[in-house]
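Here's final-v8.cif, which has mmCIF, N, CA and C atoms:
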data_protein
#
loop_
_atom_site.group_PDB
_atom_site.id
_atom_site.type_symbol
_atom_site.label_atom_id
_atom_site.label_comp_id
_atom_site.auth_asym_id
_atom_site.auth_seq_id
_atom_site.Cartn_x
_atom_site.Cartn_y
_atom_site.Cartn_z
ATOM 1 N N MET A 29 0.855 -1.173 0.000
ATOM 2 C CA MET A 29 0.000 0.000 0.000
ATOM 3 C C MET A 29 0.891 1.222 0.000
ATOM 4 N N ASP A 30 0.456 2.169 -0.767
ATOM 5 C CA ASP A 30 1.203 3.403 -0.893
ATOM 6 C C ASP A 30 0.308 4.577 -0.512
ATOM 7 N N ASN A 31 0.853 5.531 0.193
ATOM 8 C CA ASN A 31 0.165 6.767 0.508
ATOM 9 C C ASN A 31 -1.097 6.535 1.356
ATOM 10 N N VAL A 32 -0.961 5.694 2.384
ATOM 11 C CA VAL A 32 -2.058 5.418 3.313
ATOM 12 C C VAL A 32 -1.534 5.610 4.738
ATOM 13 N N ALA A 33 -2.267 6.386 5.522
ATOM 14 C CA ALA A 33 -1.898 6.606 6.922
ATOM 15 C C ALA A 33 -2.851 5.808 7.807
ATOM 16 N N LEU A 34 -2.309 5.179 8.829
ATOM 17 C CA LEU A 34 -3.102 4.399 9.775
ATOM 18 C C LEU A 34 -3.082 5.109 11.124
ATOM 19 N N PHE A 35 -4.283 5.342 11.665
ATOM 20 C CA PHE A 35 -4.420 6.024 12.941
ATOM 21 C C PHE A 35 -5.204 5.152 13.910
ATOM 22 N N VAL A 36 -4.806 5.175 15.166
ATOM 23 C CA VAL A 36 -5.571 4.534 16.225
ATOM 24 C C VAL A 36 -6.103 5.666 17.101
ATOM 25 N N GLU A 37 -7.422 5.720 17.200
ATOM 26 C CA GLU A 37 -8.066 6.744 18.009
ATOM 27 C C GLU A 37 -8.986 6.072 19.019
ATOM 28 N N ASP A 38 -9.335 6.808 20.062
ATOM 29 C CA ASP A 38 -10.223 6.241 21.086
ATOM 30 C C ASP A 38 -11.593 5.908 20.497
ATOM 31 N N ARG A 39 -12.224 6.904 19.887
ATOM 32 C CA ARG A 39 -13.562 6.740 19.293
ATOM 33 C C ARG A 39 -13.661 7.677 18.089
ATOM 34 N N PRO A 40 -14.645 7.424 17.217
ATOM 35 C CA PRO A 40 -14.880 8.346 16.102
ATOM 36 C C PRO A 40 -15.264 9.734 16.622
ATOM 37 N N GLU A 41 -15.010 10.750 15.818
ATOM 38 C CA GLU A 41 -15.343 12.121 16.210
ATOM 39 C C GLU A 41 -16.813 12.286 16.536
ATOM 40 N N ASP A 42 -17.678 11.563 15.824
ATOM 41 C CA ASP A 42 -19.123 11.709 16.053
ATOM 42 C C ASP A 42 -19.616 10.920 17.262
ATOM 43 N N GLY A 43 -18.713 10.201 17.935
ATOM 44 C CA GLY A 43 -19.067 9.462 19.136
ATOM 45 C C GLY A 43 -19.714 8.109 18.894
ATOM 46 N N ASP A 44 -19.806 7.693 17.633
ATOM 47 C CA ASP A 44 -20.402 6.391 17.304
ATOM 48 C C ASP A 44 -19.684 5.305 18.088
ATOM 49 N N ARG A 45 -20.422 4.570 18.887
ATOM 50 C CA ARG A 45 -19.812 3.551 19.748
ATOM 51 C C ARG A 45 -19.804 2.172 19.097
ATOM 52 N N HIS A 46 -20.313 2.073 17.857
ATOM 53 C CA HIS A 46 -20.378 0.779 17.175
ATOM 54 C C HIS A 46 -19.371 0.649 16.033
ATOM 55 N N LEU A 47 -18.842 1.769 15.556
ATOM 56 C CA LEU A 47 -17.892 1.750 14.446
ATOM 57 C C LEU A 47 -16.523 1.308 14.949
ATOM 58 N N LEU A 48 -15.990 0.245 14.350
ATOM 59 C CA LEU A 48 -14.698 -0.300 14.795
ATOM 60 C C LEU A 48 -13.534 0.264 13.994
ATOM 61 N N GLY A 49 -13.788 0.623 12.740
ATOM 62 C CA GLY A 49 -12.747 1.167 11.888
ATOM 63 C C GLY A 49 -13.371 1.949 10.753
ATOM 64 N N LEU A 50 -12.546 2.734 10.061
ATOM 65 C CA LEU A 50 -13.052 3.564 8.972
ATOM 66 C C LEU A 50 -11.941 3.795 7.956
ATOM 67 N N TYR A 51 -12.299 3.664 6.674
ATOM 68 C CA TYR A 51 -11.392 4.011 5.581
ATOM 69 C C TYR A 51 -11.899 5.301 4.965
ATOM 70 N N GLU A 52 -11.025 6.286 4.820
ATOM 71 C CA GLU A 52 -11.345 7.538 4.138
ATOM 72 C C GLU A 52 -10.356 7.712 3.003
ATOM 73 N N GLY A 53 -10.875 7.780 1.792
ATOM 74 C CA GLY A 53 -9.993 7.977 0.658
ATOM 75 C C GLY A 53 -10.650 7.523 -0.624
ATOM 76 N N THR A 54 -9.834 7.387 -1.641
ATOM 77 C CA THR A 54 -10.286 6.936 -2.949
ATOM 78 C C THR A 54 -9.683 5.569 -3.208
ATOM 79 N N PRO A 55 -10.521 4.543 -3.369
ATOM 80 C CA PRO A 55 -9.976 3.207 -3.630
ATOM 81 C C PRO A 55 -9.048 3.207 -4.833
ATOM 82 N N ILE A 56 -8.054 2.375 -4.775
ATOM 83 C CA ILE A 56 -6.983 2.370 -5.760
ATOM 84 C C ILE A 56 -7.489 2.247 -7.204
ATOM 85 N N GLY A 57 -8.552 1.489 -7.433
ATOM 86 C CA GLY A 57 -9.080 1.318 -8.784
ATOM 87 C C GLY A 57 -9.856 2.509 -9.310
ATOM 88 N N GLU A 58 -10.145 3.472 -8.444
ATOM 89 C CA GLU A 58 -10.914 4.652 -8.840
ATOM 90 C C GLU A 58 -10.056 5.904 -8.947
ATOM 91 N N ARG A 59 -8.767 5.758 -8.776
ATOM 92 C CA ARG A 59 -7.879 6.921 -8.790
ATOM 93 C C ARG A 59 -7.525 7.331 -10.207
ATOM 94 N N GLY A 60 -7.217 8.593 -10.349
ATOM 95 C CA GLY A 60 -6.750 9.115 -11.626
ATOM 96 C C GLY A 60 -5.241 8.967 -11.709
ATOM 97 N N ILE A 61 -4.637 9.872 -12.411
ATOM 98 C CA ILE A 61 -3.178 9.873 -12.572
ATOM 99 C C ILE A 61 -2.532 10.187 -11.231
ATOM 100 N N ALA A 62 -1.514 9.389 -10.885
ATOM 101 C CA ALA A 62 -0.818 9.589 -9.607
ATOM 102 C C ALA A 62 -0.147 10.951 -9.592
ATOM 103 N N GLY A 63 -0.249 11.596 -8.467
ATOM 104 C CA GLY A 63 0.350 12.908 -8.318
ATOM 105 C C GLY A 63 0.658 13.159 -6.865
ATOM 106 N N PHE A 64 0.235 14.300 -6.430
ATOM 107 C CA PHE A 64 0.529 14.695 -5.056
ATOM 108 C C PHE A 64 -0.751 14.681 -4.215
ATOM 109 N N GLU A 65 -1.421 13.539 -4.205
ATOM 110 C CA GLU A 65 -2.632 13.419 -3.422
ATOM 111 C C GLU A 65 -2.299 13.317 -1.943
ATOM 112 N N MET A 66 -3.241 13.774 -1.140
ATOM 113 C CA MET A 66 -3.115 13.565 0.291
ATOM 114 C C MET A 66 -3.272 12.060 0.538
ATOM 115 N N PRO A 67 -2.670 11.550 1.601
ATOM 116 C CA PRO A 67 -2.812 10.107 1.855
ATOM 117 C C PRO A 67 -4.243 9.740 2.225
ATOM 118 N N ASP A 68 -4.615 8.521 1.863
ATOM 119 C CA ASP A 68 -5.864 7.960 2.364
ATOM 120 C C ASP A 68 -5.643 7.688 3.846
ATOM 121 N N ASN A 69 -6.729 7.585 4.595
ATOM 122 C CA ASN A 69 -6.633 7.369 6.036
ATOM 123 C C ASN A 69 -7.420 6.137 6.446
ATOM 124 N N ILE A 70 -6.837 5.362 7.324
ATOM 125 C CA ILE A 70 -7.525 4.263 7.974
ATOM 126 C C ILE A 70 -7.507 4.562 9.470
ATOM 127 N N PHE A 71 -8.695 4.544 10.056
ATOM 128 C CA PHE A 71 -8.838 4.786 11.484
ATOM 129 C C PHE A 71 -9.282 3.496 12.158
ATOM 130 N N ILE A 72 -8.646 3.170 13.263
ATOM 131 C CA ILE A 72 -9.017 2.040 14.103
ATOM 132 C C ILE A 72 -9.442 2.633 15.444
ATOM 133 N N TYR A 73 -10.637 2.244 15.928
ATOM 134 C CA TYR A 73 -11.181 2.850 17.135
ATOM 135 C C TYR A 73 -11.023 1.912 18.331
ATOM 136 N N ARG A 74 -10.009 2.213 19.102
ATOM 137 C CA ARG A 74 -9.563 1.385 20.219
ATOM 138 C C ARG A 74 -10.664 1.093 21.230
ATOM 139 N N ASP A 75 -11.298 2.122 21.762
ATOM 140 C CA ASP A 75 -12.309 1.908 22.810
ATOM 141 C C ASP A 75 -13.489 1.092 22.293
ATOM 142 N N ASN A 76 -13.899 1.339 21.052
ATOM 143 C CA ASN A 76 -15.014 0.577 20.482
ATOM 144 C C ASN A 76 -14.648 -0.891 20.326
ATOM 145 N N LEU A 77 -13.419 -1.161 19.909
ATOM 146 C CA LEU A 77 -12.969 -2.547 19.793
ATOM 147 C C LEU A 77 -12.938 -3.225 21.159
ATOM 148 N N ILE A 78 -12.440 -2.525 22.147
ATOM 149 C CA ILE A 78 -12.384 -3.088 23.506
ATOM 150 C C ILE A 78 -13.795 -3.376 24.014
ATOM 151 N N ASP A 79 -14.708 -2.432 23.805
ATOM 152 C CA ASP A 79 -16.093 -2.623 24.255
ATOM 153 C C ASP A 79 -16.767 -3.783 23.531
ATOM 154 N N PHE A 80 -16.440 -3.969 22.256
ATOM 155 C CA PHE A 80 -17.062 -5.000 21.432
ATOM 156 C C PHE A 80 -16.571 -6.405 21.783
ATOM 157 N N ALA A 81 -15.308 -6.507 22.154
ATOM 158 C CA ALA A 81 -14.687 -7.818 22.368
ATOM 159 C C ALA A 81 -15.173 -8.488 23.643
ATOM 160 N N GLU A 82 -15.318 -9.795 23.548
ATOM 161 C CA GLU A 82 -15.759 -10.593 24.697
ATOM 162 C C GLU A 82 -14.612 -10.907 25.651
ATOM 163 N N ASP A 83 -13.399 -11.012 25.097
ATOM 164 C CA ASP A 83 -12.203 -11.284 25.901
ATOM 165 C C ASP A 83 -10.978 -10.887 25.074
ATOM 166 N N VAL A 84 -9.799 -11.093 25.622
ATOM 167 C CA VAL A 84 -8.560 -10.660 24.965
ATOM 168 C C VAL A 84 -8.351 -11.371 23.630
ATOM 169 N N ASP A 85 -8.642 -12.657 23.563
ATOM 170 C CA ASP A 85 -8.485 -13.385 22.300
ATOM 171 C C ASP A 85 -9.431 -12.842 21.235
ATOM 172 N N HIS A 86 -10.654 -12.570 21.632
ATOM 173 C CA HIS A 86 -11.625 -11.996 20.694
ATOM 174 C C HIS A 86 -11.178 -10.609 20.246
ATOM 175 N N LEU A 87 -10.612 -9.833 21.158
ATOM 176 C CA LEU A 87 -10.099 -8.500 20.819
ATOM 177 C C LEU A 87 -9.010 -8.603 19.762
ATOM 178 N N ARG A 88 -8.068 -9.506 19.950
ATOM 179 C CA ARG A 88 -6.997 -9.688 18.957
ATOM 180 C C ARG A 88 -7.587 -10.031 17.590
ATOM 181 N N GLU A 89 -8.551 -10.929 17.596
ATOM 182 C CA GLU A 89 -9.206 -11.354 16.355
ATOM 183 C C GLU A 89 -9.902 -10.173 15.675
ATOM 184 N N GLU A 90 -10.623 -9.392 16.448
ATOM 185 C CA GLU A 90 -11.363 -8.266 15.877
ATOM 186 C C GLU A 90 -10.446 -7.159 15.374
ATOM 187 N N ILE A 91 -9.309 -6.972 16.001
ATOM 188 C CA ILE A 91 -8.342 -5.989 15.512
ATOM 189 C C ILE A 91 -7.870 -6.404 14.120
ATOM 190 N N VAL A 92 -7.527 -7.665 13.946
ATOM 191 C CA VAL A 92 -7.086 -8.165 12.639
ATOM 192 C C VAL A 92 -8.207 -8.019 11.614
ATOM 193 N N VAL A 93 -9.412 -8.445 11.968
ATOM 194 C CA VAL A 93 -10.547 -8.357 11.044
ATOM 195 C C VAL A 93 -10.787 -6.898 10.644
ATOM 196 N N THR A 94 -10.729 -5.995 11.595
ATOM 197 C CA THR A 94 -10.981 -4.581 11.319
ATOM 198 C C THR A 94 -9.914 -4.005 10.396
ATOM 199 N N ILE A 95 -8.666 -4.301 10.653
ATOM 200 C CA ILE A 95 -7.587 -3.781 9.801
ATOM 201 C C ILE A 95 -7.697 -4.348 8.394
ATOM 202 N N VAL A 96 -7.910 -5.658 8.268
ATOM 203 C CA VAL A 96 -8.066 -6.269 6.947
ATOM 204 C C VAL A 96 -9.266 -5.653 6.225
ATOM 205 N N HIS A 97 -10.354 -5.467 6.936
ATOM 206 C CA HIS A 97 -11.574 -4.890 6.373
ATOM 207 C C HIS A 97 -11.299 -3.502 5.786
ATOM 208 N N GLU A 98 -10.633 -2.653 6.553
ATOM 209 C CA GLU A 98 -10.370 -1.280 6.092
ATOM 210 C C GLU A 98 -9.355 -1.260 4.952
ATOM 211 N N ILE A 99 -8.356 -2.111 4.995
ATOM 212 C CA ILE A 99 -7.398 -2.197 3.884
ATOM 213 C C ILE A 99 -8.103 -2.676 2.620
ATOM 214 N N ALA A 100 -9.044 -3.591 2.766
ATOM 215 C CA ALA A 100 -9.796 -4.077 1.609
ATOM 216 C C ALA A 100 -10.574 -2.945 0.945
ATOM 217 N N HIS A 101 -11.073 -1.996 1.722
ATOM 218 C CA HIS A 101 -11.738 -0.831 1.126
ATOM 219 C C HIS A 101 -10.758 -0.047 0.262
ATOM 220 N N PHE A 102 -9.512 0.062 0.679
ATOM 221 C CA PHE A 102 -8.476 0.726 -0.114
ATOM 222 C C PHE A 102 -8.356 0.060 -1.489
ATOM 223 N N TYR A 103 -8.516 -1.263 -1.513
ATOM 224 C CA TYR A 103 -8.416 -2.011 -2.770
ATOM 225 C C TYR A 103 -9.745 -2.107 -3.509
ATOM 226 N N GLY A 104 -10.789 -1.447 -2.987
ATOM 227 C CA GLY A 104 -12.038 -1.339 -3.709
ATOM 228 C C GLY A 104 -13.132 -2.319 -3.337
ATOM 229 N N LEU A 105 -12.934 -3.151 -2.345
ATOM 230 C CA LEU A 105 -13.990 -4.076 -1.932
ATOM 231 C C LEU A 105 -15.017 -3.347 -1.079
ATOM 232 N N ASP A 106 -16.293 -3.603 -1.336
ATOM 233 C CA ASP A 106 -17.336 -2.958 -0.539
ATOM 234 C C ASP A 106 -17.741 -3.860 0.634
ATOM 235 N N ASP A 107 -18.569 -3.312 1.514
ATOM 236 C CA ASP A 107 -18.969 -4.042 2.724
ATOM 237 C C ASP A 107 -19.675 -5.358 2.410
ATOM 238 N N ASP A 108 -20.548 -5.351 1.394
ATOM 239 C CA ASP A 108 -21.270 -6.583 1.057
ATOM 240 C C ASP A 108 -20.291 -7.701 0.674
ATOM 241 N N ARG A 109 -19.316 -7.382 -0.154
ATOM 242 C CA ARG A 109 -18.337 -8.389 -0.581
ATOM 243 C C ARG A 109 -17.486 -8.845 0.599
ATOM 244 N N LEU A 110 -17.106 -7.931 1.453
ATOM 245 C CA LEU A 110 -16.307 -8.302 2.622
ATOM 246 C C LEU A 110 -17.067 -9.235 3.555
ATOM 247 N N HIS A 111 -18.361 -8.996 3.711
ATOM 248 C CA HIS A 111 -19.180 -9.884 4.538
ATOM 249 C C HIS A 111 -19.254 -11.272 3.912
ATOM 250 N N GLU A 112 -19.404 -11.321 2.576
ATOM 251 C CA GLU A 112 -19.417 -12.623 1.872
ATOM 252 C C GLU A 112 -18.133 -13.396 2.111
ATOM 253 N N LEU A 113 -17.010 -12.672 2.184
ATOM 254 C CA LEU A 113 -15.699 -13.304 2.372
ATOM 255 C C LEU A 113 -15.367 -13.591 3.827
ATOM 256 N N GLY A 114 -16.242 -13.153 4.744
ATOM 257 C CA GLY A 114 -16.006 -13.399 6.166
ATOM 258 C C GLY A 114 -15.183 -12.337 6.848
ATOM 259 N N TRP A 115 -15.007 -11.188 6.204
ATOM 260 C CA TRP A 115 -14.233 -10.094 6.790
ATOM 261 C C TRP A 115 -15.140 -8.907 7.122
ATOM 262 N N GLY A 116 -16.395 -9.213 7.465
ATOM 263 C CA GLY A 116 -17.373 -8.150 7.768
ATOM 264 C C GLY A 116 -17.206 -7.677 9.131
#
Could you write out this file's structure as structure tokens?
Amino acid sequence: MDNVALFVEDRPEDGDRHLLGLYEGTPIGERGIAGFEMPDNIFIYRDNLIDFAEDVDHLREEIVVTIVHEIAHFYGLDDDRLHELGWG
């Protein structure tokens, strides 16, 4: 991955307590000519993941699922396809 920043924050700015991660940017297949674009951003929401997890093992699993899920958005996969693949 090129030109992608990964951030870990406590919670989303809007206070959503259910969102575990977020991709902001233009998926690689939808980009124009490469230039001096700002980096895409992936946010991982620490407190939401902790609240969601049943135990430490589940937390580790959900962190991986969330990161893979958001990276997949960078490559152009939508939520429906990710759920079909088990990365929802």
* What is the distance, in Å and to one decimal place, between atom CA of Tyr51 of chain A and atom N of Asp83 of chain A? ->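 Value for the atom CA of Tyr51 of chain A-atom N of Asp83 of chain A distance: 24.7 Å.
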* Apply the PyMOL selection byres (((chain A and resi 104-115 and name CA) around 9) and name CA) to the structure shown and report the selected residues as an MDAnalysis selection string. => chainID A and resid 54:58 93:94 96:97 99:103 116
Selected residues written out, N, CA and C atoms, as a PDB file, in the frame of the given file:
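Written file, part.pdb:
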ATOM      1  N   THR A  54      -9.834   7.387  -1.641  1.00  0.00           N
ATOM      2  CA  THR A  54     -10.286   6.936  -2.949  1.00  0.00           C
ATOM      3  C   THR A  54      -9.683   5.569  -3.208  1.00  0.00           C
ATOM      4  N   PRO A  55     -10.521   4.543  -3.369  1.00  0.00           N
ATOM      5  CA  PRO A  55      -9.976   3.207  -3.630  1.00  0.00           C
ATOM      6  C   PRO A  55      -9.048   3.207  -4.833  1.00  0.00           C
ATOM      7  N   ILE A  56      -8.054   2.375  -4.775  1.00  0.00           N
ATOM      8  CA  ILE A  56      -6.983   2.370  -5.760  1.00  0.00           C
ATOM      9  C   ILE A  56      -7.489   2.247  -7.204  1.00  0.00           C
ATOM     10  N   GLY A  57      -8.552   1.489  -7.433  1.00  0.00           N
ATOM     11  CA  GLY A  57      -9.080   1.318  -8.784  1.00  0.00           C
ATOM     12  C   GLY A  57      -9.856   2.509  -9.310  1.00  0.00           C
ATOM     13  N   GLU A  58     -10.145   3.472  -8.444  1.00  0.00           N
ATOM     14  CA  GLU A  58     -10.914   4.652  -8.840  1.00  0.00           C
ATOM     15  C   GLU A  58     -10.056   5.904  -8.947  1.00  0.00           C
ATOM     16  N   VAL A  93      -9.412  -8.445  11.968  1.00  0.00           N
ATOM     17  CA  VAL A  93     -10.547  -8.357  11.044  1.00  0.00           C
ATOM     18  C   VAL A  93     -10.787  -6.898  10.644  1.00  0.00           C
ATOM     19  N   THR A  94     -10.729  -5.995  11.595  1.00  0.00           N
ATOM     20  CA  THR A  94     -10.981  -4.581  11.319  1.00  0.00           C
ATOM     21  C   THR A  94      -9.914  -4.005  10.396  1.00  0.00           C
ATOM     22  N   VAL A  96      -7.910  -5.658   8.268  1.00  0.00           N
ATOM     23  CA  VAL A  96      -8.066  -6.269   6.947  1.00  0.00           C
ATOM     24  C   VAL A  96      -9.266  -5.653   6.225  1.00  0.00           C
ATOM     25  N   HIS A  97     -10.354  -5.467   6.936  1.00  0.00           N
ATOM     26  CA  HIS A  97     -11.574  -4.890   6.373  1.00  0.00           C
ATOM     27  C   HIS A  97     -11.299  -3.502   5.786  1.00  0.00           C
ATOM     28  N   ILE A  99      -8.356  -2.111   4.995  1.00  0.00           N
ATOM     29  CA  ILE A  99      -7.398  -2.197   3.884  1.00  0.00           C
ATOM     30  C   ILE A  99      -8.103  -2.676   2.620  1.00  0.00           C
ATOM     31  N   ALA A 100      -9.044  -3.591   2.766  1.00  0.00           N
ATOM     32  CA  ALA A 100      -9.796  -4.077   1.609  1.00  0.00           C
ATOM     33  C   ALA A 100     -10.574  -2.945   0.945  1.00  0.00           C
ATOM     34  N   HIS A 101     -11.073  -1.996   1.722  1.00  0.00           N
ATOM     35  CA  HIS A 101     -11.738  -0.831   1.126  1.00  0.00           C
ATOM     36  C   HIS A 101     -10.758  -0.047   0.262  1.00  0.00           C
ATOM     37  N   PHE A 102      -9.512   0.062   0.679  1.00  0.00           N
ATOM     38  CA  PHE A 102      -8.476   0.726  -0.114  1.00  0.00           C
ATOM     39  C   PHE A 102      -8.356   0.060  -1.489  1.00  0.00           C
ATOM     40  N   TYR A 103      -8.516  -1.263  -1.513  1.00  0.00           N
ATOM     41  CA  TYR A 103      -8.416  -2.011  -2.770  1.00  0.00           C
ATOM     42  C   TYR A 103      -9.745  -2.107  -3.509  1.00  0.00           C
ATOM     43  N   GLY A 116     -16.395  -9.213   7.465  1.00  0.00           N
ATOM     44  CA  GLY A 116     -17.373  -8.150   7.768  1.00  0.00           C
ATOM     45  C   GLY A 116     -17.206  -7.677   9.131  1.00  0.00           C
TER      46      GLY A 116
END
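Atom C of Val32 of chain A sits 10.7 Å away from atom C of Gly53 of chain A.
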* **Atomic separation - atom C of Glu98 of chain A relative to atom C of Met29 of chain A, Å** =>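 Atom-to-atom, atom C of Met29 of chain A to atom C of Glu98 of chain A, that is 11.6 Å.
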* Which of chain A DSSP labels strand (DSSP E or B), written as a PyMOL selection string -> chain A and resi 32-37+49-52+68-73
* Val36 of chain A surroundings by all atoms listed in the file, 6 Å radius, close-in-sequence under 6 positions cut, as a PyMOL selection string -> chain A and resi 71-74
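Within the file as shown, the PyMOL selection byres (((chain A and resi 77 and name CA) around 9) and name CA) identifies A:His46, A:Leu47, A:Leu48, A:Gly49, A:Ile72, A:Tyr73, A:Arg74, A:Asp75, A:Asn76, A:Ile78, A:Asp79, A:Phe80, A:Ala81, A:Leu87, A:Glu90, A:Ile91, A:Thr94.
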* **Sel. of alpha helix (DSSP H) residues, chain A, as a ChimeraX atom specification** => /A:74-80,84-102,107-112
Taking every listed atom of segment 102-105 of chain A and adding 5 Å to each side, what centre and edge lengths in Å (one decimal) does the axis-aligned box have, as AutoDock Vina command-line options?
--center_x -11.7 --center_y -1.7 --center_z -1.5 --size_x 16.7 --size_y 14.8 --size_z 14.4
